[in-house]
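So this one's work_38.cif, mmCIF, N, CA and C atoms:
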```cif
data_target
loop_
_atom_site.label_atom_id
_atom_site.label_comp_id
_atom_site.auth_asym_id
_atom_site.auth_seq_id
_atom_site.Cartn_x
_atom_site.Cartn_y
_atom_site.Cartn_z
N GLN A 2 -64.21 -3.66 -53.93
CA GLN A 2 -63.45 -2.64 -53.24
C GLN A 2 -62.22 -3.27 -52.59
N VAL A 3 -61.06 -2.72 -52.88
CA VAL A 3 -59.82 -3.23 -52.32
C VAL A 3 -59.59 -2.59 -50.96
N GLU A 4 -59.30 -3.41 -49.98
CA GLU A 4 -58.97 -2.91 -48.65
C GLU A 4 -57.48 -3.07 -48.42
N VAL A 5 -56.87 -2.03 -47.91
CA VAL A 5 -55.44 -2.03 -47.63
C VAL A 5 -55.27 -1.99 -46.11
N VAL A 6 -54.49 -2.90 -45.58
CA VAL A 6 -54.32 -2.98 -44.14
C VAL A 6 -52.84 -2.93 -43.79
N GLU A 7 -52.45 -1.92 -43.02
CA GLU A 7 -51.09 -1.81 -42.52
C GLU A 7 -51.02 -2.37 -41.11
N SER A 8 -49.86 -2.90 -40.76
CA SER A 8 -49.64 -3.41 -39.41
C SER A 8 -48.15 -3.34 -39.10
N GLY A 9 -47.83 -3.60 -37.83
CA GLY A 9 -46.44 -3.66 -37.43
C GLY A 9 -45.93 -2.46 -36.68
N GLY A 10 -46.75 -1.44 -36.55
CA GLY A 10 -46.32 -0.26 -35.81
C GLY A 10 -46.27 -0.53 -34.32
N GLY A 11 -45.75 0.43 -33.59
CA GLY A 11 -45.66 0.28 -32.14
C GLY A 11 -44.72 1.29 -31.55
N LEU A 12 -44.38 1.04 -30.30
CA LEU A 12 -43.47 1.90 -29.56
C LEU A 12 -42.10 1.23 -29.50
N VAL A 13 -41.07 1.98 -29.86
CA VAL A 13 -39.73 1.42 -29.88
C VAL A 13 -38.74 2.50 -29.42
N GLN A 14 -37.67 2.07 -28.82
CA GLN A 14 -36.64 3.02 -28.41
C GLN A 14 -35.77 3.42 -29.60
N ALA A 15 -35.19 4.59 -29.50
CA ALA A 15 -34.27 5.04 -30.55
C ALA A 15 -33.18 3.99 -30.75
N GLY A 16 -32.87 3.73 -32.02
CA GLY A 16 -31.89 2.71 -32.36
C GLY A 16 -32.51 1.36 -32.65
N GLY A 17 -33.77 1.22 -32.33
CA GLY A 17 -34.45 -0.05 -32.54
C GLY A 17 -34.97 -0.21 -33.96
N SER A 18 -35.67 -1.31 -34.18
CA SER A 18 -36.17 -1.65 -35.51
C SER A 18 -37.64 -2.05 -35.45
N LEU A 19 -38.30 -1.82 -36.56
CA LEU A 19 -39.67 -2.30 -36.76
C LEU A 19 -39.81 -2.70 -38.21
N ARG A 20 -40.71 -3.65 -38.46
CA ARG A 20 -41.05 -3.98 -39.84
C ARG A 20 -42.55 -3.79 -40.02
N LEU A 21 -42.88 -2.87 -40.89
CA LEU A 21 -44.28 -2.62 -41.21
C LEU A 21 -44.70 -3.52 -42.37
N SER A 22 -45.95 -3.94 -42.31
CA SER A 22 -46.51 -4.76 -43.39
C SER A 22 -47.74 -4.09 -43.96
N CYS A 23 -48.00 -4.37 -45.21
CA CYS A 23 -49.17 -3.82 -45.89
C CYS A 23 -49.74 -4.93 -46.76
N THR A 24 -50.98 -5.29 -46.50
CA THR A 24 -51.63 -6.38 -47.23
C THR A 24 -52.92 -5.88 -47.84
N ILE A 25 -53.23 -6.36 -49.03
CA ILE A 25 -54.50 -6.00 -49.65
C ILE A 25 -55.47 -7.16 -49.52
N SER A 26 -56.75 -6.82 -49.49
CA SER A 26 -57.78 -7.80 -49.18
C SER A 26 -58.04 -8.77 -50.31
N GLU A 27 -57.82 -8.34 -51.54
CA GLU A 27 -58.16 -9.16 -52.69
C GLU A 27 -56.92 -9.84 -53.24
N SER A 28 -56.82 -11.14 -53.05
CA SER A 28 -55.63 -11.87 -53.49
C SER A 28 -55.54 -11.96 -55.01
N ARG A 29 -56.65 -11.75 -55.71
CA ARG A 29 -56.63 -11.86 -57.16
C ARG A 29 -55.99 -10.63 -57.82
N PHE A 30 -55.80 -9.57 -57.04
CA PHE A 30 -55.15 -8.38 -57.57
C PHE A 30 -53.66 -8.40 -57.22
N VAL A 31 -52.87 -7.76 -58.06
CA VAL A 31 -51.43 -7.72 -57.86
C VAL A 31 -51.01 -6.28 -57.59
N ILE A 32 -50.15 -6.11 -56.59
CA ILE A 32 -49.59 -4.78 -56.31
C ILE A 32 -48.47 -4.53 -57.32
N SER A 33 -48.64 -3.54 -58.18
CA SER A 33 -47.62 -3.30 -59.20
C SER A 33 -46.55 -2.33 -58.72
N ALA A 34 -46.92 -1.40 -57.90
CA ALA A 34 -45.97 -0.43 -57.35
C ALA A 34 -46.53 0.02 -56.01
N VAL A 35 -45.69 0.57 -55.19
CA VAL A 35 -46.18 0.97 -53.86
C VAL A 35 -45.31 2.07 -53.29
N ASP A 36 -45.94 2.95 -52.54
CA ASP A 36 -45.26 3.99 -51.78
C ASP A 36 -45.60 3.83 -50.31
N TRP A 37 -44.68 4.23 -49.47
CA TRP A 37 -44.95 4.37 -48.04
C TRP A 37 -44.83 5.85 -47.69
N TYR A 38 -45.81 6.33 -46.93
CA TYR A 38 -45.82 7.71 -46.48
C TYR A 38 -45.78 7.75 -44.95
N ARG A 39 -45.34 8.87 -44.45
CA ARG A 39 -45.32 9.10 -43.00
C ARG A 39 -45.96 10.46 -42.74
N GLN A 40 -46.81 10.47 -41.70
CA GLN A 40 -47.41 11.73 -41.28
C GLN A 40 -47.17 11.93 -39.80
N ALA A 41 -46.32 12.89 -39.48
CA ALA A 41 -46.06 13.23 -38.09
C ALA A 41 -47.19 14.13 -37.59
N PRO A 42 -47.44 14.12 -36.29
CA PRO A 42 -48.51 14.96 -35.74
C PRO A 42 -48.34 16.42 -36.12
N GLY A 43 -49.37 17.00 -36.72
CA GLY A 43 -49.33 18.40 -37.09
C GLY A 43 -48.63 18.70 -38.40
N TYR A 44 -48.22 17.65 -39.10
CA TYR A 44 -47.50 17.83 -40.36
C TYR A 44 -48.24 17.14 -41.51
N GLN A 45 -47.83 17.48 -42.72
CA GLN A 45 -48.42 16.84 -43.88
C GLN A 45 -47.86 15.43 -44.05
N ARG A 46 -48.50 14.69 -44.90
CA ARG A 46 -48.07 13.33 -45.19
C ARG A 46 -46.93 13.38 -46.20
N ASP A 47 -45.79 12.79 -45.83
CA ASP A 47 -44.60 12.84 -46.67
C ASP A 47 -44.22 11.46 -47.17
N LEU A 48 -43.72 11.44 -48.39
CA LEU A 48 -43.26 10.19 -48.98
C LEU A 48 -41.93 9.77 -48.37
N VAL A 49 -41.82 8.53 -47.94
CA VAL A 49 -40.55 8.06 -47.37
C VAL A 49 -39.90 6.97 -48.21
N ALA A 50 -40.70 6.18 -48.94
CA ALA A 50 -40.11 5.11 -49.74
C ALA A 50 -41.02 4.78 -50.92
N GLN A 51 -40.38 4.41 -52.03
CA GLN A 51 -41.10 4.03 -53.24
C GLN A 51 -40.54 2.75 -53.81
N LEU A 52 -41.43 1.94 -54.36
CA LEU A 52 -41.03 0.75 -55.10
C LEU A 52 -41.81 0.76 -56.41
N THR A 53 -41.08 0.85 -57.52
CA THR A 53 -41.74 0.94 -58.81
C THR A 53 -42.14 -0.44 -59.33
N GLY A 54 -42.91 -0.44 -60.39
CA GLY A 54 -43.31 -1.70 -61.00
C GLY A 54 -42.13 -2.49 -61.53
N GLY A 55 -41.06 -1.78 -61.88
CA GLY A 55 -39.88 -2.44 -62.37
C GLY A 55 -38.94 -2.93 -61.27
N GLY A 56 -39.31 -2.66 -60.03
CA GLY A 56 -38.51 -3.15 -58.91
C GLY A 56 -37.49 -2.16 -58.37
N ALA A 57 -37.48 -0.95 -58.94
CA ALA A 57 -36.55 0.06 -58.43
C ALA A 57 -37.11 0.70 -57.17
N SER A 58 -36.23 1.02 -56.25
CA SER A 58 -36.66 1.64 -55.00
C SER A 58 -35.99 3.00 -54.84
N ASP A 59 -36.65 3.84 -54.10
CA ASP A 59 -36.10 5.16 -53.79
C ASP A 59 -36.59 5.56 -52.41
N TYR A 60 -35.81 6.43 -51.76
CA TYR A 60 -36.10 6.78 -50.38
C TYR A 60 -35.92 8.27 -50.15
N ALA A 61 -36.64 8.78 -49.18
CA ALA A 61 -36.39 10.14 -48.72
C ALA A 61 -35.00 10.18 -48.11
N ASP A 62 -34.34 11.32 -48.24
CA ASP A 62 -32.98 11.44 -47.73
C ASP A 62 -32.91 11.12 -46.23
N SER A 63 -33.95 11.45 -45.51
CA SER A 63 -33.94 11.27 -44.06
C SER A 63 -33.93 9.80 -43.63
N VAL A 64 -34.30 8.89 -44.54
CA VAL A 64 -34.37 7.47 -44.16
C VAL A 64 -33.41 6.60 -44.97
N LYS A 65 -32.70 7.17 -45.91
CA LYS A 65 -31.77 6.39 -46.74
C LYS A 65 -30.74 5.69 -45.88
N GLY A 66 -30.53 4.42 -46.18
CA GLY A 66 -29.57 3.63 -45.43
C GLY A 66 -30.15 3.00 -44.18
N ARG A 67 -31.39 3.39 -43.83
CA ARG A 67 -32.02 2.84 -42.62
C ARG A 67 -33.31 2.08 -42.94
N PHE A 68 -34.02 2.51 -43.96
CA PHE A 68 -35.29 1.88 -44.32
C PHE A 68 -35.12 1.08 -45.61
N THR A 69 -35.86 -0.02 -45.71
CA THR A 69 -35.85 -0.84 -46.92
C THR A 69 -37.28 -1.23 -47.26
N ILE A 70 -37.68 -0.94 -48.49
CA ILE A 70 -39.00 -1.32 -48.97
C ILE A 70 -38.88 -2.58 -49.81
N SER A 71 -39.85 -3.48 -49.63
CA SER A 71 -39.82 -4.73 -50.40
C SER A 71 -41.24 -5.23 -50.60
N LYS A 72 -41.35 -6.21 -51.49
CA LYS A 72 -42.69 -6.72 -51.84
C LYS A 72 -42.62 -8.23 -51.99
N ASP A 73 -43.57 -8.94 -51.42
CA ASP A 73 -43.68 -10.38 -51.56
C ASP A 73 -44.91 -10.66 -52.41
N ASP A 74 -44.70 -10.94 -53.69
CA ASP A 74 -45.83 -11.12 -54.59
C ASP A 74 -46.67 -12.34 -54.22
N ALA A 75 -46.04 -13.37 -53.69
CA ALA A 75 -46.78 -14.58 -53.33
C ALA A 75 -47.78 -14.29 -52.22
N LYS A 76 -47.44 -13.35 -51.35
CA LYS A 76 -48.32 -13.01 -50.23
C LYS A 76 -49.10 -11.73 -50.49
N ASN A 77 -48.82 -11.09 -51.62
CA ASN A 77 -49.46 -9.81 -51.94
C ASN A 77 -49.29 -8.83 -50.78
N THR A 78 -48.08 -8.78 -50.29
CA THR A 78 -47.77 -7.98 -49.11
C THR A 78 -46.53 -7.14 -49.38
N VAL A 79 -46.57 -5.95 -48.86
CA VAL A 79 -45.45 -5.02 -48.97
C VAL A 79 -44.89 -4.79 -47.58
N TYR A 80 -43.58 -4.60 -47.49
CA TYR A 80 -42.93 -4.39 -46.20
C TYR A 80 -42.13 -3.09 -46.21
N LEU A 81 -41.98 -2.55 -45.03
CA LEU A 81 -41.05 -1.45 -44.83
C LEU A 81 -40.22 -1.80 -43.60
N GLN A 82 -39.00 -2.22 -43.84
CA GLN A 82 -38.08 -2.53 -42.74
C GLN A 82 -37.42 -1.24 -42.29
N MET A 83 -37.55 -0.93 -41.02
CA MET A 83 -37.03 0.32 -40.49
C MET A 83 -36.02 0.00 -39.40
N ASN A 84 -34.78 0.37 -39.64
CA ASN A 84 -33.70 0.12 -38.68
C ASN A 84 -33.14 1.43 -38.15
N ASN A 85 -32.45 1.34 -37.03
CA ASN A 85 -31.83 2.51 -36.42
C ASN A 85 -32.84 3.66 -36.34
N LEU A 86 -33.98 3.37 -35.79
CA LEU A 86 -35.04 4.36 -35.73
C LEU A 86 -34.67 5.55 -34.85
N LYS A 87 -35.17 6.71 -35.25
CA LYS A 87 -34.90 7.96 -34.55
C LYS A 87 -36.23 8.56 -34.09
N PRO A 88 -36.19 9.40 -33.07
CA PRO A 88 -37.45 10.03 -32.62
C PRO A 88 -38.18 10.76 -33.74
N GLU A 89 -37.43 11.32 -34.69
CA GLU A 89 -38.08 12.04 -35.79
C GLU A 89 -38.76 11.11 -36.79
N ASP A 90 -38.63 9.81 -36.62
CA ASP A 90 -39.37 8.85 -37.44
C ASP A 90 -40.78 8.62 -36.91
N THR A 91 -41.07 9.20 -35.77
CA THR A 91 -42.40 9.05 -35.18
C THR A 91 -43.48 9.59 -36.10
N GLY A 92 -44.56 8.85 -36.22
CA GLY A 92 -45.67 9.28 -37.05
C GLY A 92 -46.56 8.11 -37.42
N LYS A 93 -47.55 8.40 -38.22
CA LYS A 93 -48.42 7.35 -38.72
C LYS A 93 -47.96 7.02 -40.15
N TYR A 94 -47.77 5.74 -40.39
CA TYR A 94 -47.25 5.29 -41.67
C TYR A 94 -48.38 4.70 -42.51
N TYR A 95 -48.40 5.15 -43.75
CA TYR A 95 -49.45 4.73 -44.67
C TYR A 95 -48.85 4.03 -45.88
N CYS A 96 -49.47 2.95 -46.26
CA CYS A 96 -49.12 2.23 -47.47
C CYS A 96 -50.01 2.73 -48.60
N ASN A 97 -49.45 2.87 -49.79
CA ASN A 97 -50.18 3.42 -50.93
C ASN A 97 -49.89 2.56 -52.16
N PRO A 98 -50.49 1.38 -52.23
CA PRO A 98 -50.20 0.49 -53.35
C PRO A 98 -50.98 0.87 -54.61
N ARG A 99 -50.36 0.61 -55.74
CA ARG A 99 -51.03 0.80 -57.02
C ARG A 99 -51.51 -0.56 -57.52
N ILE A 100 -52.79 -0.64 -57.77
CA ILE A 100 -53.40 -1.89 -58.22
C ILE A 100 -54.23 -1.58 -59.45
N MET A 101 -53.84 -2.17 -60.56
CA MET A 101 -54.54 -1.97 -61.83
C MET A 101 -54.71 -0.48 -62.12
N GLY A 102 -53.65 0.28 -61.91
CA GLY A 102 -53.62 1.68 -62.27
C GLY A 102 -54.23 2.63 -61.25
N THR A 103 -54.75 2.10 -60.16
CA THR A 103 -55.36 2.94 -59.12
C THR A 103 -54.59 2.81 -57.83
N TYR A 104 -54.37 3.95 -57.17
CA TYR A 104 -53.70 3.94 -55.86
C TYR A 104 -54.75 3.87 -54.76
N TYR A 105 -54.46 3.07 -53.75
CA TYR A 105 -55.35 2.90 -52.62
C TYR A 105 -54.64 3.29 -51.33
N TRP A 106 -55.44 3.67 -50.32
CA TRP A 106 -54.89 4.03 -49.01
C TRP A 106 -55.44 3.09 -47.95
N GLY A 107 -54.58 2.82 -46.97
CA GLY A 107 -55.03 2.12 -45.79
C GLY A 107 -55.28 3.11 -44.67
N GLN A 108 -55.53 2.59 -43.48
CA GLN A 108 -55.80 3.44 -42.32
C GLN A 108 -54.52 3.84 -41.59
N GLY A 109 -53.42 3.22 -41.96
CA GLY A 109 -52.15 3.58 -41.36
C GLY A 109 -51.84 2.78 -40.11
N THR A 110 -50.57 2.80 -39.76
CA THR A 110 -50.11 2.16 -38.52
C THR A 110 -49.17 3.14 -37.83
N ARG A 111 -49.34 3.27 -36.53
CA ARG A 111 -48.61 4.31 -35.80
C ARG A 111 -47.28 3.79 -35.28
N VAL A 112 -46.27 4.61 -35.46
CA VAL A 112 -44.92 4.32 -34.97
C VAL A 112 -44.50 5.44 -34.03
N THR A 113 -44.06 5.05 -32.85
CA THR A 113 -43.55 6.02 -31.88
C THR A 113 -42.16 5.61 -31.46
N VAL A 114 -41.21 6.50 -31.66
CA VAL A 114 -39.82 6.23 -31.30
C VAL A 114 -39.45 7.13 -30.13
N SER A 115 -39.10 6.50 -29.02
CA SER A 115 -38.74 7.26 -27.83
C SER A 115 -37.23 7.48 -27.78
N SER A 116 -36.86 8.59 -27.21
CA SER A 116 -35.41 8.92 -27.13
C SER A 116 -34.78 8.35 -25.87
#
```
Would you write the structure of this file as structure tokens?
Amino acid sequence: QVEVVESGGGLVQAGGSLRLSCTISESRFVISAVDWYRQAPGYQRDLVAQLTGGGASDYADSVKGRFTISKDDAKNTVYLQMNNLKPEDTGKYYCNPRIMGTYYWGQGTRVTVSS
């Protein structure tokens, strides 16, 4: 069973930055593609960033130019660099890596941006 662990969330003021990390428990598996989702309180889980197996990235319009998704294959870790954070970025962030054709979920990491 692959375990996905997100970290790096916290409380930050508007305009600040955070870097979220996502690591999988089994080093013998490789993350081929990954998505990051955000779920604000009372709302559905929305896709904010994607990284394909070919290395292409895409972002929700609301975070373009502020968020960057990346992957360190040596560490089997995925990152979401979030800059110029806004109060509307508040929510729980979930990593959704694809490993051997299956997508896995972690427990999420909470981000709170104060105005």
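Excluding A:Lys87 and any residue on its chain fewer than 2 positions from it, the residues at most 7 Å away by only N, CA and C atoms are Gln14, Ala15, Gly16, Gly17, Asn84, Asn85, Glu89, Asp90, Thr91, Val114, Ser115 and Ser116 of chain A.
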Please report, as a ChimeraX atom specification, each residue of chain A to which DSSP assigns strand (DSSP E) when run on this structure's backbone.
/A:5-8,11-14,19-25,34-40,46-52,58-60,68-73,78-83,92-100,103-104,110-115
Hey, what comes out of the PyMOL selection byres ((chain A and resi 5-12) around 6.5) on this file? Could you write it as a list in words?
Val3, Glu4, Val13, Gln14, Leu19, Arg20, Leu21, Ser22, Cys23, Thr24, Ile25, Ser26, Cys96, Trp106, Gly107, Gln108, Gly109, Thr110, Arg111, Val112, Thr113, Val114 and Ser115 of chain A
When the PyMOL selection byres ((chain A and resi 60-69) around 7) is applied to the file above, which residues end up in the set, as a ChimeraX atom specification?
/A:48-51,58-59,70-71,80-85
Mind pulling up the distance from atom CA of A:Ser18 to atom CA of A:Gly56?
23.6 Å
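Distance-wise, atom CA of A:Leu86 and atom CA of A:Asp73 end up 23.3 Å apart.
Taking only N, CA and C atoms into account, A:Gly92 lies nearest to A:Ala41 out of the set A:Leu52, A:Ala34, A:Ala41, A:Ala75.
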Just want the 8 Å neighbourhood of A:Ser33, counted on only C-alpha atoms, with same-chain residues fewer than 6 positions away dropped. Output as a compact mmCIF listing (two decimals) with N, CA and C atoms, keeping the file's coordinate frame.
```txt
# COMPACT_ATOMS: atom_id res chain seq x y z
N THR A 53 -41.08 0.85 -57.52
CA THR A 53 -41.74 0.94 -58.81
C THR A 53 -42.14 -0.44 -59.33
N GLY A 54 -42.91 -0.44 -60.39
CA GLY A 54 -43.31 -1.70 -61.00
C GLY A 54 -42.13 -2.49 -61.53
N PRO A 98 -50.49 1.38 -52.23
CA PRO A 98 -50.20 0.49 -53.35
C PRO A 98 -50.98 0.87 -54.61
N ARG A 99 -50.36 0.61 -55.74
CA ARG A 99 -51.03 0.80 -57.02
C ARG A 99 -51.51 -0.56 -57.52
N ILE A 100 -52.79 -0.64 -57.77
CA ILE A 100 -53.40 -1.89 -58.22
C ILE A 100 -54.23 -1.58 -59.45
N MET A 101 -53.84 -2.17 -60.56
CA MET A 101 -54.54 -1.97 -61.83
C MET A 101 -54.71 -0.48 -62.12
```
